[in-house]
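K.L.:
Below you'll find target.cif; it's mmCIF, C-alpha atoms and all ligand atoms.
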data_protein
loop_
_atom_site.label_atom_id
_atom_site.label_comp_id
_atom_site.auth_asym_id
_atom_site.auth_seq_id
_atom_site.Cartn_x
_atom_site.Cartn_y
_atom_site.Cartn_z
CA MET A 1 11.00 -21.47 43.73
CA GLU A 2 11.83 -20.47 47.28
CA VAL A 3 9.56 -17.91 48.96
CA ARG A 4 10.73 -15.97 52.03
CA ILE A 5 8.25 -13.67 53.79
CA PHE A 6 9.47 -10.69 55.85
CA ASN A 7 7.87 -8.08 58.08
CA THR A 8 9.55 -5.04 56.54
CA ALA A 9 11.27 -3.82 53.38
CA ASP A 10 14.37 -3.14 55.51
CA GLU A 11 14.59 -6.82 56.41
CA ILE A 12 14.24 -7.74 52.74
CA ALA A 13 17.07 -5.36 51.84
CA VAL A 14 19.41 -6.99 54.37
CA ALA A 15 18.50 -10.49 53.15
CA CYS A 16 18.97 -9.48 49.53
CA ALA A 17 22.25 -7.68 50.23
CA ASP A 18 23.43 -10.82 52.07
CA ILE A 19 22.84 -12.90 48.93
CA PHE A 20 24.71 -10.41 46.73
CA SER A 21 27.53 -9.88 49.25
CA GLU A 22 28.16 -13.59 49.57
CA LEU A 23 28.60 -13.87 45.79
CA ILE A 24 30.76 -10.73 45.45
CA ILE A 25 33.08 -11.89 48.23
CA LYS A 26 33.32 -15.43 46.83
CA LYS A 27 33.64 -14.32 43.19
CA PRO A 28 34.90 -10.69 42.99
CA GLU A 29 34.63 -10.71 39.17
CA CYS A 30 30.98 -11.84 39.25
CA VAL A 31 28.30 -10.70 36.82
CA LEU A 32 25.23 -9.04 38.33
CA GLY A 33 21.91 -8.45 36.63
CA LEU A 34 20.41 -5.34 38.18
CA ALA A 35 16.97 -3.78 38.36
CA THR A 36 15.51 -0.31 38.79
CA GLY A 37 12.28 0.92 40.39
CA ALA A 38 11.42 1.33 44.05
CA SER A 39 11.94 -2.34 45.00
CA PRO A 40 15.77 -2.55 44.88
CA VAL A 41 16.60 0.89 46.35
CA LYS A 42 16.98 -0.26 49.96
CA THR A 43 19.12 -3.21 48.83
CA TYR A 44 21.42 -0.82 46.96
CA ASN A 45 21.63 1.36 50.11
CA GLU A 46 22.59 -1.69 52.12
CA LEU A 47 25.28 -2.66 49.58
CA ILE A 48 26.68 0.91 49.67
CA LYS A 49 26.79 0.71 53.47
CA ARG A 50 28.80 -2.51 53.28
CA TYR A 51 31.13 -0.96 50.69
CA ASN A 52 31.67 2.06 52.98
CA ASN A 53 32.43 -0.28 55.88
CA GLY A 54 35.13 -1.94 53.79
CA LYS A 55 33.24 -5.24 53.65
CA LEU A 56 32.64 -5.21 49.91
CA SER A 57 34.34 -4.05 46.72
CA PHE A 58 32.82 -3.74 43.26
CA LYS A 59 36.19 -3.21 41.60
CA GLU A 60 35.92 -6.31 39.40
CA VAL A 61 32.13 -6.68 39.34
CA LYS A 62 30.32 -6.44 36.00
CA THR A 63 26.70 -5.38 35.78
CA PHE A 64 23.93 -5.63 33.20
CA ASN A 65 20.68 -3.77 33.74
CA LEU A 66 17.36 -5.31 32.87
CA ASP A 67 15.89 -2.51 30.84
CA GLU A 68 15.92 1.11 29.71
CA TYR A 69 13.33 3.49 28.32
CA CYS A 70 13.43 4.39 24.64
CA ASP A 71 13.38 8.00 23.46
CA LEU A 72 14.65 9.45 26.72
CA PRO A 73 18.07 11.16 26.90
CA ARG A 74 20.57 9.03 28.84
CA ASP A 75 21.06 11.84 31.37
CA ASP A 76 17.32 12.44 31.90
CA LYS A 77 16.44 12.27 35.59
CA ASN A 78 14.12 9.34 34.85
CA SER A 79 16.47 7.25 32.71
CA TYR A 80 17.59 4.00 34.25
CA TYR A 81 21.16 5.05 33.48
CA THR A 82 20.66 8.01 35.86
CA PHE A 83 18.82 5.84 38.39
CA MET A 84 21.61 3.30 38.61
CA HIS A 85 24.32 5.91 38.93
CA GLU A 86 22.43 7.85 41.62
CA ASN A 87 21.32 4.79 43.59
CA LEU A 88 24.43 2.61 43.39
CA PHE A 89 27.25 3.17 40.91
CA ASN A 90 28.30 6.68 42.00
CA SER A 91 28.68 5.45 45.58
CA VAL A 92 30.84 2.36 45.06
CA ASP A 93 34.11 1.52 43.30
CA ILE A 94 32.62 -0.10 40.20
CA LYS A 95 34.43 0.68 36.94
CA GLU A 96 32.27 2.46 34.38
CA GLU A 97 33.52 0.12 31.66
CA ASN A 98 32.00 -2.79 33.60
CA VAL A 99 28.55 -1.17 33.69
CA HIS A 100 26.17 -2.21 30.89
CA ILE A 101 22.92 -0.36 30.39
CA LEU A 102 20.93 -0.66 27.18
CA ASP A 103 20.94 2.39 24.92
CA GLY A 104 17.26 3.19 24.52
CA ASN A 105 18.13 5.75 21.84
CA ALA A 106 20.07 3.37 19.60
CA ALA A 107 19.18 3.94 15.94
CA ASP A 108 18.99 0.16 15.45
CA ALA A 109 17.19 -1.27 18.48
CA ASP A 110 17.53 -4.87 17.25
CA ALA A 111 21.30 -4.54 16.87
CA GLU A 112 21.54 -2.93 20.31
CA ALA A 113 19.50 -5.79 21.82
CA LYS A 114 21.58 -8.50 20.14
CA ALA A 115 24.86 -6.85 21.18
CA PHE A 116 23.61 -6.69 24.78
CA ASP A 117 22.79 -10.42 24.91
CA ALA A 118 26.14 -11.19 23.27
CA ALA A 119 27.95 -9.07 25.89
CA ILE A 120 26.21 -11.01 28.68
CA ASP A 121 27.30 -14.31 27.12
CA LYS A 122 30.84 -13.01 26.64
CA ALA A 123 30.99 -12.02 30.32
CA GLY A 124 30.15 -15.62 31.21
CA GLY A 125 26.42 -15.17 31.89
CA ILE A 126 24.66 -13.52 34.81
CA ASP A 127 25.43 -15.00 38.23
CA ILE A 128 22.53 -13.33 40.05
CA GLN A 129 19.67 -11.43 38.44
CA LEU A 130 17.73 -9.04 40.67
CA LEU A 131 14.07 -8.44 39.76
CA GLY A 132 11.13 -6.35 40.85
CA ILE A 133 7.65 -7.28 39.63
CA GLY A 134 4.97 -5.11 38.05
CA THR A 135 1.40 -5.08 39.37
CA ASN A 136 0.60 -6.85 36.07
CA GLY A 137 3.23 -9.54 36.71
CA HIS A 138 5.86 -8.11 34.37
CA ILE A 139 9.56 -8.72 34.98
CA GLY A 140 11.93 -6.30 33.36
CA PHE A 141 9.53 -4.79 30.85
CA ASN A 142 8.24 -8.17 29.70
CA GLU A 143 4.58 -7.28 29.71
CA PRO A 144 1.73 -9.83 29.84
CA CYS A 145 1.21 -11.20 26.33
CA ASP A 146 0.58 -14.40 24.37
CA THR A 147 4.08 -15.89 24.26
CA PHE A 148 7.19 -15.70 26.42
CA SER A 149 9.85 -13.52 24.85
CA ASP A 150 13.31 -14.79 23.99
CA GLY A 151 16.31 -12.43 24.04
CA THR A 152 16.51 -8.68 24.64
CA PHE A 153 14.00 -6.70 22.53
CA LYS A 154 12.09 -3.46 22.09
CA VAL A 155 8.68 -3.52 23.77
CA LYS A 156 5.58 -1.34 23.74
CA LEU A 157 4.64 -0.66 27.33
CA THR A 158 1.13 -1.55 28.53
CA ASP A 159 -1.37 0.95 29.97
CA SER A 160 -0.90 -0.61 33.41
CA THR A 161 2.89 -0.02 33.36
CA ILE A 162 2.42 3.50 31.98
CA LYS A 163 -0.03 4.21 34.81
CA SER A 164 2.36 2.81 37.48
CA ASN A 165 5.46 4.62 36.23
CA SER A 166 3.86 7.90 35.09
CA ILE A 167 4.10 9.17 38.65
CA TYR A 168 7.79 9.88 37.95
CA PHE A 169 7.15 11.88 34.75
CA GLU A 170 5.61 15.31 34.18
CA ASN A 171 2.76 16.02 31.76
CA ASP A 172 2.22 12.54 30.40
CA SER A 173 5.79 12.53 29.09
CA MET A 174 6.51 8.94 30.04
CA PRO A 175 8.05 6.97 27.14
CA ARG A 176 5.77 4.39 25.53
CA TYR A 177 8.57 2.01 24.50
CA ALA A 178 11.54 0.40 26.23
CA LEU A 179 14.34 -2.07 25.59
CA THR A 180 14.25 -5.01 27.95
CA MET A 181 16.03 -8.28 28.53
CA GLY A 182 13.72 -10.99 27.29
CA ILE A 183 12.35 -13.82 29.41
CA ASN A 184 14.97 -16.20 28.06
CA SER A 185 17.77 -13.69 28.84
CA ILE A 186 16.46 -13.50 32.42
CA MET A 187 15.95 -17.25 32.81
CA LYS A 188 19.55 -17.91 31.76
CA ALA A 189 20.77 -16.24 34.98
CA LYS A 190 22.27 -18.80 37.37
CA LYS A 191 20.28 -17.41 40.29
CA ILE A 192 17.29 -15.04 40.38
CA VAL A 193 16.15 -12.92 43.33
CA LEU A 194 12.81 -11.13 43.11
CA ILE A 195 11.71 -8.45 45.59
CA ALA A 196 8.08 -7.43 46.09
CA THR A 197 6.51 -5.32 48.79
CA GLY A 198 3.06 -3.88 49.41
CA ASP A 199 -0.61 -4.73 48.76
CA ALA A 200 -0.44 -3.63 45.13
CA LYS A 201 1.80 -6.59 44.31
CA ALA A 202 -0.36 -9.23 46.06
CA ASP A 203 -2.29 -10.35 42.95
CA ALA A 204 0.88 -10.59 40.84
CA ILE A 205 2.68 -12.55 43.58
CA LYS A 206 -0.25 -14.96 43.97
CA ALA A 207 -0.28 -15.57 40.19
CA THR A 208 3.50 -15.96 40.13
CA ILE A 209 3.61 -18.57 42.87
CA ASP A 210 0.27 -20.38 42.73
CA GLY A 211 -0.94 -19.72 39.20
CA GLU A 212 -0.20 -21.59 36.00
CA VAL A 213 2.97 -20.78 34.12
CA THR A 214 1.67 -18.38 31.49
CA PRO A 215 2.96 -15.37 29.55
CA ASN A 216 -0.13 -13.56 30.85
CA CYS A 217 1.84 -13.38 34.11
CA PRO A 218 5.45 -13.27 32.89
CA ALA A 219 6.88 -13.75 36.40
CA SER A 220 5.16 -17.16 36.61
CA ILE A 221 8.01 -18.52 34.44
CA LEU A 222 10.18 -18.34 37.59
CA GLN A 223 8.44 -21.53 38.75
CA LYS A 224 10.62 -23.25 36.15
CA HIS A 225 13.92 -21.70 37.26
CA PRO A 226 16.16 -24.05 39.32
CA ASP A 227 17.31 -21.31 41.72
CA ALA A 228 14.76 -18.51 42.07
CA ILE A 229 14.15 -16.83 45.44
CA LEU A 230 11.25 -14.48 46.16
CA LEU A 231 11.80 -12.01 49.00
CA ILE A 232 8.40 -10.52 49.80
CA ASP A 233 6.69 -8.72 52.66
CA LYS A 234 3.47 -9.76 54.39
CA ALA A 235 1.37 -7.34 52.35
CA ALA A 236 2.60 -8.77 49.04
CA ALA A 237 2.10 -12.27 50.47
CA LYS A 238 -1.43 -11.67 51.74
CA LEU A 239 -3.20 -13.81 49.09
CA LEU A 240 -0.91 -16.83 49.39
P1 LIG B 1 8.71 -1.08 41.52
O1 LIG B 1 8.57 -1.63 40.04
O2 LIG B 1 9.89 -1.74 42.11
O3 LIG B 1 8.88 0.40 41.36
O4 LIG B 1 7.44 -1.44 42.23
C1 LIG B 1 8.79 -2.96 39.77
C2 LIG B 1 8.50 -3.24 38.33
O5 LIG B 1 7.66 -2.56 37.72
O6 LIG B 1 9.12 -4.16 37.79
#
Reformat the file's structure so that it appears as structure tokens.

P.N.:
Amino acid sequence: MEVRIFNTADEIAVACADIFSELIIKKPECVLGLATGASPVKTYNELIKRYNNGKLSFKEVKTFNLDEYCDLPRDDKNSYYTFMHENLFNSVDIKEENVHILDGNAADADAEAKAFDAAIDKAGGIDIQLLGIGTNGHIGFNEPCDTFSDGTFKVKLTDSTIKSNSIYFENDSMPRYALTMGINSIMKAKKIVLIATGDAKADAIKATIDGEVTPNCPASILQKHPDAILLIDKAAAKLL
């Protein structure tokens, strides 16, 4: 696991966009695993800037998103479908047919999850997976638990995640379930880049890097990935 420490989130965004740009230029039909939340927003802005400057095209790029809430309309302002379109897809030349976001309202969640993993395999696997990290060490919505998950699945969100993400929802309306890529789906990515900024992530980052590999801190599994890079700021790195 490679750890790079930066002074600001803007510097992280440039470093992360550099990693993605290099791949997209080298392999225009690459497969990206994308993330939502606050952590990747500046990276997406940086990628849009490079697209607008003519340095990057997403015309052949395929994307798979880590997770999506259940029981939330796809066009809800808080769905990850909406997030991705507002923060990246609407501003670049990606083809909608190349965008893959789990359907959190699928009648058969298991079938939806299996089809998603199969689509990733069919696309040739994920070249780079982008991750944030929860204050509880979750990646995607793989919450701390007793065993590492396998493929994509439906998960009950923990109180800690509900507390962190409720700020975006009115009147306690945050969904309690989500579909998420499993730990094995994430670990199959050829390269993984995790972004973390701020004091609130310091405990999770310490456990991820220096702790034992345990499903109680799902991100700790990244210690076993052959090409995982953590881009973190000084606040998130303060306990290292
Ligand atoms: P954040 O969320 O980027 O909004 O901090 C990360 C996560 O919960 O995985």

K.L.:
Please determine the residues with any atom at most 9 Å from (15.1, -23.2, 40.7) (coordinates as given in the file, with all atoms listed in the file counting) and report them as a VMD selection string.

P.N.:
chain A and resid 1 to 2 191 to 192 222 to 229

K.L.:
Distance limit 6 Å, reference ligand LIG 1 (chain B), atoms considered: all atoms listed in the file. Which residues make the cut? Give them as a list in words.

P.N.:
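My answer, listing the contacting residues, is Gly37, Ala38, Ser39, Gly132, Ile133, Gly134, Ile139 and Gly140 of chain A.
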
K.L.:
Counting only C-alpha atoms, which residue out of A:Pro175, A:Gly124, A:Gly151, A:Gly54 sits closest to Asp93 in chain A?

P.N.:
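Of all the options, A:Gly54 lies closest to Asp93 in chain A.
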
K.L.:
Of the residues A:Glu112, A:Asn105, A:Ala15, A:Tyr51, which is the one nearest to Phe89 in chain A, using all atoms listed in the file?

P.N.:
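Closest candidate: A:Tyr51.
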
K.L.:
May I have the residues within 7 Å of Ala189 in chain A as a PDB file with C-alpha atoms, in the frame of the given file, using all atoms listed in the file and disregarding those fewer than 6 positions away in the same chain?

P.N.:
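After the write, part_14.pdb holds the following:
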ATOM      1  CA  GLY A 125      26.420 -15.170  31.890  1.00  0.00           C
ATOM      2  CA  ILE A 126      24.660 -13.520  34.810  1.00  0.00           C
ATOM      3  CA  ASP A 127      25.430 -15.000  38.230  1.00  0.00           C
ATOM      4  CA  ILE A 128      22.530 -13.330  40.050  1.00  0.00           C
ATOM      5  CA  GLN A 129      19.670 -11.430  38.440  1.00  0.00           C
TER       6      GLN A 129
END

K.L.:
May I ask which of the residues A:Pro144, A:Gly137, A:Pro40, A:Gly104 is the closest one to Met84 in chain A, counting all atoms listed in the file?

P.N.:
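The answer is A:Pro40, which sits nearest to Met84 in chain A.
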
K.L.:
Counting all atoms listed in the file, note down every residue that has an atom within 10 Å of the point (29.8, -11.9, 44.1) (file coordinates), as an mmCIF file with C-alpha atoms, in the frame of the given file.

P.N.:
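File part15.cif, as written:
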data_model
loop_
_atom_site.group_PDB
_atom_site.id
_atom_site.type_symbol
_atom_site.label_atom_id
_atom_site.label_comp_id
_atom_site.auth_asym_id
_atom_site.auth_seq_id
_atom_site.Cartn_x
_atom_site.Cartn_y
_atom_site.Cartn_z
ATOM 1 C CA ILE A 19 22.840 -12.900 48.930
ATOM 2 C CA PHE A 20 24.710 -10.410 46.730
ATOM 3 C CA SER A 21 27.530 -9.880 49.250
ATOM 4 C CA GLU A 22 28.160 -13.590 49.570
ATOM 5 C CA LEU A 23 28.600 -13.870 45.790
ATOM 6 C CA ILE A 24 30.760 -10.730 45.450
ATOM 7 C CA ILE A 25 33.080 -11.890 48.230
ATOM 8 C CA LYS A 26 33.320 -15.430 46.830
ATOM 9 C CA LYS A 27 33.640 -14.320 43.190
ATOM 10 C CA PRO A 28 34.900 -10.690 42.990
ATOM 11 C CA GLU A 29 34.630 -10.710 39.170
ATOM 12 C CA CYS A 30 30.980 -11.840 39.250
ATOM 13 C CA VAL A 31 28.300 -10.700 36.820
ATOM 14 C CA LEU A 32 25.230 -9.040 38.330
ATOM 15 C CA LEU A 56 32.640 -5.210 49.910
ATOM 16 C CA SER A 57 34.340 -4.050 46.720
ATOM 17 C CA PHE A 58 32.820 -3.740 43.260
ATOM 18 C CA GLU A 60 35.920 -6.310 39.400
ATOM 19 C CA VAL A 61 32.130 -6.680 39.340
ATOM 20 C CA LYS A 62 30.320 -6.440 36.000
ATOM 21 C CA ASP A 127 25.430 -15.000 38.230
ATOM 22 C CA ILE A 128 22.530 -13.330 40.050
#

K.L.:
Quick one: residues within 10 Å of Leu240 in chain A, only C-alpha atoms counted, chain neighbours fewer than 3 positions away excluded, as a list in words?

P.N.:
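Using only C-alpha atoms, the neighbours found are Ala202, Asp203, Ile205, Lys206, Ala207, Ile209, Asp210, Lys234, Ala236 and Ala237 of chain A.
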
K.L.:
Which residue, A:Leu130, A:Ala107, A:Val99, A:Cys217, has the smallest gap to Asp146 in chain A when you use all atoms listed in the file?

P.N.:
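Result for the nearest residue to Asp146 in chain A: A:Cys217.
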
K.L.:
Report the distance between CA of Arg50 in chain A and CA of Thr63 in chain A in Å, rounded to one decimal place.

P.N.:
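Distance reported for this atom pair: 17.9 Å.
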
K.L.:
Have a look at A:Asp159, A:Asp108, A:Asp71, A:Asp233 and name the one nearest to Asp10 in chain A; count all atoms listed in the file.

P.N.:
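Among the listed residues, the smallest separation from Asp10 in chain A belongs to A:Asp233.
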
K.L.:
Could you tell me how far CA of Ala17 in chain A sits from CA of Ser160 in chain A, in Å to one decimal place?

P.N.:
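Taking CA of Ser160 in chain A as the start and CA of Ala17 in chain A as the end point, the length is 29.5 Å.
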
K.L.:
Could you check which of A:Leu102, A:Ile183, A:Leu131, A:Ala178 is closest to Ile195 in chain A, using only C-alpha atoms?

P.N.:
A:Leu131
